[in-house]
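Worksheet: one structure, shown below.
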Amino acid sequence: MKMKVTNHVRMVLPAEVGNEGFARAAVAAFCAPLCPTVEQINDIKTAVSEAVTNAIVHAYPEKKGEITVEVVIYDDKMVSIRVSDEGIGMANVDEARKPFYTTKSANEHSGMGFTIMEAFMDAIDVASELGGGTILTMRKNLKENA
């Protein structure tokens, strides 16, 4: 049986420090009508913050760019969150998903972004093309006993 979309939103934000907080709050507010548990909403907020922060820090090292955040709610209380950019992309997605991997100084960034997202969401998929940007899709089931 195919899931039916019951609501969706799309926002485009400048890839600037601070906008991860707005994205986190906006996605949480959009999911609120589903009556998620405090733990579920905190999981979503943490994952969105990590995803948007990754795009801000890594996607546009030499120019200004934008990040798109799209949220889709399905009739079975499944939430899909897509964070995408048109930045430099990743040469090796599998390597980037390893704990402690970072392209920045270890003093600045822990390299735990993907690990954290995977811990808090039910599933994540990453597609990236060197020079063509990155698309990260995360899913979370908000059924009461999910």
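Each chain of the structure tokens is named A, B, ... in the order shown, its residues numbered from 1; ligands are numbered from 1 in display order.
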Residue neighbourhood Glu16 of chain A, 9 Å, only C-alpha atoms, exclusion window fewer than 5 positions, as a PyMOL selection string: chain A and resi 53+56-57+64-66
Output C-alpha atoms of each residue in that selection to a file, as a PDB file, in the first residue's frame.
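That gives us result_24.pdb:
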ATOM      1  CA  THR A  53      25.206  22.412   9.928  1.00  0.00           C
ATOM      2  CA  ILE A  56      26.709  25.171   6.063  1.00  0.00           C
ATOM      3  CA  VAL A  57      30.219  24.041   7.029  1.00  0.00           C
ATOM      4  CA  LYS A  64      27.833  31.789  -0.699  1.00  0.00           C
ATOM      5  CA  GLY A  65      25.110  29.277  -1.368  1.00  0.00           C
ATOM      6  CA  GLU A  66      21.705  28.012  -0.311  1.00  0.00           C
TER       7      GLU A  66
END
Neighbour list for Ser84 of chain A as a ChimeraX atom specification, cut-off 12 Å, only C-alpha atoms, skip fewer than 5 positions in-chain: /A:10-15,48,51-56,59,65-71,89,125-129,132-138
Deliver the residues from the most recent selection as a file, using N, CA and C atoms, as a compact mmCIF listing (two decimals), in the first residue's frame.
# COMPACT_ATOMS: atom_id res chain seq x y z
N ARG A 10 8.56 23.36 2.04
CA ARG A 10 9.90 23.51 1.45
C ARG A 10 10.39 24.90 1.80
N MET A 11 11.63 24.98 2.32
CA MET A 11 12.21 26.29 2.62
C MET A 11 13.64 26.33 2.09
N VAL A 12 14.02 27.49 1.63
CA VAL A 12 15.37 27.71 1.11
C VAL A 12 16.03 28.75 2.00
N LEU A 13 17.20 28.37 2.53
CA LEU A 13 17.92 29.23 3.49
C LEU A 13 19.33 29.51 2.99
N PRO A 14 19.84 30.70 3.27
CA PRO A 14 21.26 30.94 2.99
C PRO A 14 22.10 29.98 3.85
N ALA A 15 23.19 29.50 3.30
CA ALA A 15 24.09 28.60 4.03
C ALA A 15 24.95 29.44 4.96
N VAL A 48 18.15 17.34 12.20
CA VAL A 48 18.04 18.48 11.28
C VAL A 48 19.18 19.46 11.52
N ALA A 51 22.33 17.98 10.01
CA ALA A 51 22.30 17.98 8.54
C ALA A 51 22.53 19.37 7.97
N VAL A 52 21.84 20.35 8.53
CA VAL A 52 21.98 21.72 8.03
C VAL A 52 23.36 22.27 8.37
N THR A 53 23.85 21.98 9.56
CA THR A 53 25.21 22.41 9.93
C THR A 53 26.24 21.82 8.98
N ASN A 54 26.12 20.53 8.65
CA ASN A 54 27.04 19.92 7.68
C ASN A 54 27.04 20.69 6.36
N ALA A 55 25.86 21.04 5.87
CA ALA A 55 25.78 21.77 4.61
C ALA A 55 26.40 23.16 4.74
N ILE A 56 26.14 23.84 5.86
CA ILE A 56 26.71 25.17 6.06
C ILE A 56 28.24 25.10 6.10
N ALA A 59 29.51 22.55 2.35
CA ALA A 59 29.06 22.64 0.96
C ALA A 59 29.66 23.79 0.17
N GLY A 65 26.05 30.18 -0.72
CA GLY A 65 25.11 29.28 -1.37
C GLY A 65 23.84 29.13 -0.55
N GLU A 66 22.98 28.22 -0.98
CA GLU A 66 21.70 28.01 -0.31
C GLU A 66 21.53 26.54 0.07
N ILE A 67 20.71 26.35 1.07
CA ILE A 67 20.34 25.01 1.53
C ILE A 67 18.83 24.92 1.43
N THR A 68 18.35 23.82 0.90
CA THR A 68 16.91 23.58 0.81
C THR A 68 16.54 22.51 1.82
N VAL A 69 15.51 22.79 2.60
CA VAL A 69 14.99 21.82 3.57
C VAL A 69 13.54 21.53 3.17
N GLU A 70 13.26 20.26 2.91
CA GLU A 70 11.91 19.85 2.54
C GLU A 70 11.43 18.80 3.53
N VAL A 71 10.20 18.97 4.01
CA VAL A 71 9.62 18.02 4.95
C VAL A 71 8.32 17.51 4.36
N GLY A 89 29.87 18.99 -3.07
CA GLY A 89 29.64 17.55 -3.05
C GLY A 89 30.72 16.81 -2.29
N ASP A 125 19.55 8.44 3.85
CA ASP A 125 20.14 8.15 2.54
C ASP A 125 20.90 9.39 2.11
N VAL A 126 22.06 9.17 1.51
CA VAL A 126 22.89 10.29 1.06
C VAL A 126 23.26 10.07 -0.40
N ALA A 127 23.03 11.10 -1.19
CA ALA A 127 23.48 11.10 -2.58
C ALA A 127 24.29 12.36 -2.78
N SER A 128 25.47 12.20 -3.35
CA SER A 128 26.34 13.36 -3.54
C SER A 128 27.13 13.19 -4.82
N GLU A 129 27.35 14.30 -5.48
CA GLU A 129 28.14 14.31 -6.71
C GLU A 129 29.20 15.39 -6.56
N GLY A 132 28.56 18.80 -7.64
CA GLY A 132 27.13 18.88 -7.95
C GLY A 132 26.21 18.90 -6.76
N GLY A 133 26.76 18.97 -5.56
CA GLY A 133 25.91 19.07 -4.39
C GLY A 133 25.61 17.75 -3.71
N THR A 134 24.84 17.86 -2.64
CA THR A 134 24.52 16.71 -1.81
C THR A 134 23.04 16.74 -1.45
N ILE A 135 22.43 15.56 -1.43
CA ILE A 135 21.05 15.40 -0.99
C ILE A 135 21.05 14.38 0.14
N LEU A 136 20.56 14.79 1.29
CA LEU A 136 20.45 13.92 2.45
C LEU A 136 18.97 13.77 2.76
N THR A 137 18.49 12.53 2.81
CA THR A 137 17.09 12.27 3.13
C THR A 137 17.04 11.44 4.41
N MET A 138 16.30 11.94 5.39
CA MET A 138 16.16 11.25 6.67
C MET A 138 14.68 10.92 6.89
Neighbour list for His8 of chain A as a list in words, cut-off 10 Å, only C-alpha atoms, skip fewer than 6 positions in-chain: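 Everything that qualifies: Phe30, Cys31, Glu70, Val71, Val72, Ile73, Tyr74, Val79, Ser80 and Ile81 of chain A.
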Can I get the selected residues back with N, CA and C atoms, as a PDB file, in the first residue's frame?
ATOM      1  N   PHE A  30       6.582  22.205  12.300  1.00  0.00           N
ATOM      2  CA  PHE A  30       5.802  21.593  11.220  1.00  0.00           C
ATOM      3  C   PHE A  30       5.336  20.188  11.603  1.00  0.00           C
ATOM      4  N   CYS A  31       6.152  19.465  12.369  1.00  0.00           N
ATOM      5  CA  CYS A  31       5.813  18.099  12.790  1.00  0.00           C
ATOM      6  C   CYS A  31       4.895  18.060  14.014  1.00  0.00           C
ATOM      7  N   GLU A  70      13.259  20.260   2.913  1.00  0.00           N
ATOM      8  CA  GLU A  70      11.908  19.851   2.538  1.00  0.00           C
ATOM      9  C   GLU A  70      11.428  18.797   3.525  1.00  0.00           C
ATOM     10  N   VAL A  71      10.201  18.969   4.011  1.00  0.00           N
ATOM     11  CA  VAL A  71       9.617  18.023   4.951  1.00  0.00           C
ATOM     12  C   VAL A  71       8.316  17.511   4.357  1.00  0.00           C
ATOM     13  N   VAL A  72       8.165  16.195   4.356  1.00  0.00           N
ATOM     14  CA  VAL A  72       6.940  15.566   3.870  1.00  0.00           C
ATOM     15  C   VAL A  72       6.382  14.700   4.994  1.00  0.00           C
ATOM     16  N   ILE A  73       5.090  14.874   5.253  1.00  0.00           N
ATOM     17  CA  ILE A  73       4.397  14.050   6.242  1.00  0.00           C
ATOM     18  C   ILE A  73       3.465  13.116   5.487  1.00  0.00           C
ATOM     19  N   TYR A  74       3.542  11.839   5.829  1.00  0.00           N
ATOM     20  CA  TYR A  74       2.703  10.829   5.199  1.00  0.00           C
ATOM     21  C   TYR A  74       1.579  10.411   6.138  1.00  0.00           C
ATOM     22  N   VAL A  79       7.642  10.759   8.643  1.00  0.00           N
ATOM     23  CA  VAL A  79       8.149  12.073   8.253  1.00  0.00           C
ATOM     24  C   VAL A  79       9.425  11.863   7.454  1.00  0.00           C
ATOM     25  N   SER A  80       9.514  12.521   6.322  1.00  0.00           N
ATOM     26  CA  SER A  80      10.714  12.495   5.500  1.00  0.00           C
ATOM     27  C   SER A  80      11.263  13.916   5.451  1.00  0.00           C
ATOM     28  N   ILE A  81      12.544  14.046   5.763  1.00  0.00           N
ATOM     29  CA  ILE A  81      13.199  15.356   5.783  1.00  0.00           C
ATOM     30  C   ILE A  81      14.368  15.298   4.810  1.00  0.00           C
TER      31      ILE A  81
END
Å distance separating atom CA of Met3 of chain A from atom CA of Ile124 of chain A, one decimal place: 18.1 Å
Which residue of A:Ala91, A:Lys77, A:Arg82, A:His58 approaches Val27 of chain A most closely, using only C-alpha atoms: A:Arg82
Those in chain A with alpha helix (DSSP H) from DSSP, as a PyMOL selection string: chain A and resi 19-31+38-58+93-96+113-120
Could you write those residues out with C-alpha atoms, as a PDB file, in the first residue's frame?
ATOM      1  CA  ASN A  19      20.230  29.164  10.115  1.00  0.00           C
ATOM      2  CA  GLU A  20      20.515  25.628  11.485  1.00  0.00           C
ATOM      3  CA  GLY A  21      18.602  26.852  14.534  1.00  0.00           C
ATOM      4  CA  PHE A  22      15.810  28.266  12.380  1.00  0.00           C
ATOM      5  CA  ALA A  23      15.614  25.063  10.324  1.00  0.00           C
ATOM      6  CA  ARG A  24      15.515  22.938  13.484  1.00  0.00           C
ATOM      7  CA  ALA A  25      12.699  24.989  15.009  1.00  0.00           C
ATOM      8  CA  ALA A  26      10.711  25.213  11.763  1.00  0.00           C
ATOM      9  CA  VAL A  27      10.823  21.454  11.136  1.00  0.00           C
ATOM     10  CA  ALA A  28       9.853  20.729  14.748  1.00  0.00           C
ATOM     11  CA  ALA A  29       6.911  23.135  14.519  1.00  0.00           C
ATOM     12  CA  PHE A  30       5.802  21.593  11.220  1.00  0.00           C
ATOM     13  CA  CYS A  31       5.813  18.099  12.790  1.00  0.00           C
ATOM     14  CA  VAL A  38       9.351  14.803  23.415  1.00  0.00           C
ATOM     15  CA  GLU A  39      12.011  12.224  22.551  1.00  0.00           C
ATOM     16  CA  GLN A  40      10.854  11.984  18.927  1.00  0.00           C
ATOM     17  CA  ILE A  41      10.816  15.755  18.416  1.00  0.00           C
ATOM     18  CA  ASN A  42      14.221  16.109  20.054  1.00  0.00           C
ATOM     19  CA  ASP A  43      15.562  13.381  17.753  1.00  0.00           C
ATOM     20  CA  ILE A  44      14.265  15.256  14.718  1.00  0.00           C
ATOM     21  CA  LYS A  45      15.626  18.597  15.938  1.00  0.00           C
ATOM     22  CA  THR A  46      19.069  17.117  16.566  1.00  0.00           C
ATOM     23  CA  ALA A  47      19.225  15.386  13.174  1.00  0.00           C
ATOM     24  CA  VAL A  48      18.038  18.477  11.277  1.00  0.00           C
ATOM     25  CA  SER A  49      20.561  20.631  13.107  1.00  0.00           C
ATOM     26  CA  GLU A  50      23.384  18.232  12.194  1.00  0.00           C
ATOM     27  CA  ALA A  51      22.298  17.975   8.544  1.00  0.00           C
ATOM     28  CA  VAL A  52      21.976  21.724   8.034  1.00  0.00           C
ATOM     29  CA  THR A  53      25.206  22.412   9.928  1.00  0.00           C
ATOM     30  CA  ASN A  54      27.038  19.919   7.682  1.00  0.00           C
ATOM     31  CA  ALA A  55      25.780  21.773   4.614  1.00  0.00           C
ATOM     32  CA  ILE A  56      26.709  25.171   6.063  1.00  0.00           C
ATOM     33  CA  VAL A  57      30.219  24.041   7.029  1.00  0.00           C
ATOM     34  CA  HIS A  58      31.119  21.830   4.063  1.00  0.00           C
ATOM     35  CA  VAL A  93      29.996   9.277   0.787  1.00  0.00           C
ATOM     36  CA  ASP A  94      30.875   6.009   2.536  1.00  0.00           C
ATOM     37  CA  GLU A  95      34.034   7.532   4.001  1.00  0.00           C
ATOM     38  CA  ALA A  96      32.200  10.709   5.031  1.00  0.00           C
ATOM     39  CA  GLY A 113      27.405  14.442  12.110  1.00  0.00           C
ATOM     40  CA  PHE A 114      26.328  11.373  10.141  1.00  0.00           C
ATOM     41  CA  THR A 115      26.735   9.124  13.181  1.00  0.00           C
ATOM     42  CA  ILE A 116      24.442  11.379  15.185  1.00  0.00           C
ATOM     43  CA  MET A 117      21.844  11.582  12.398  1.00  0.00           C
ATOM     44  CA  GLU A 118      21.843   7.798  12.040  1.00  0.00           C
ATOM     45  CA  ALA A 119      21.381   7.373  15.802  1.00  0.00           C
ATOM     46  CA  PHE A 120      18.338   9.660  15.964  1.00  0.00           C
TER      47      PHE A 120
END
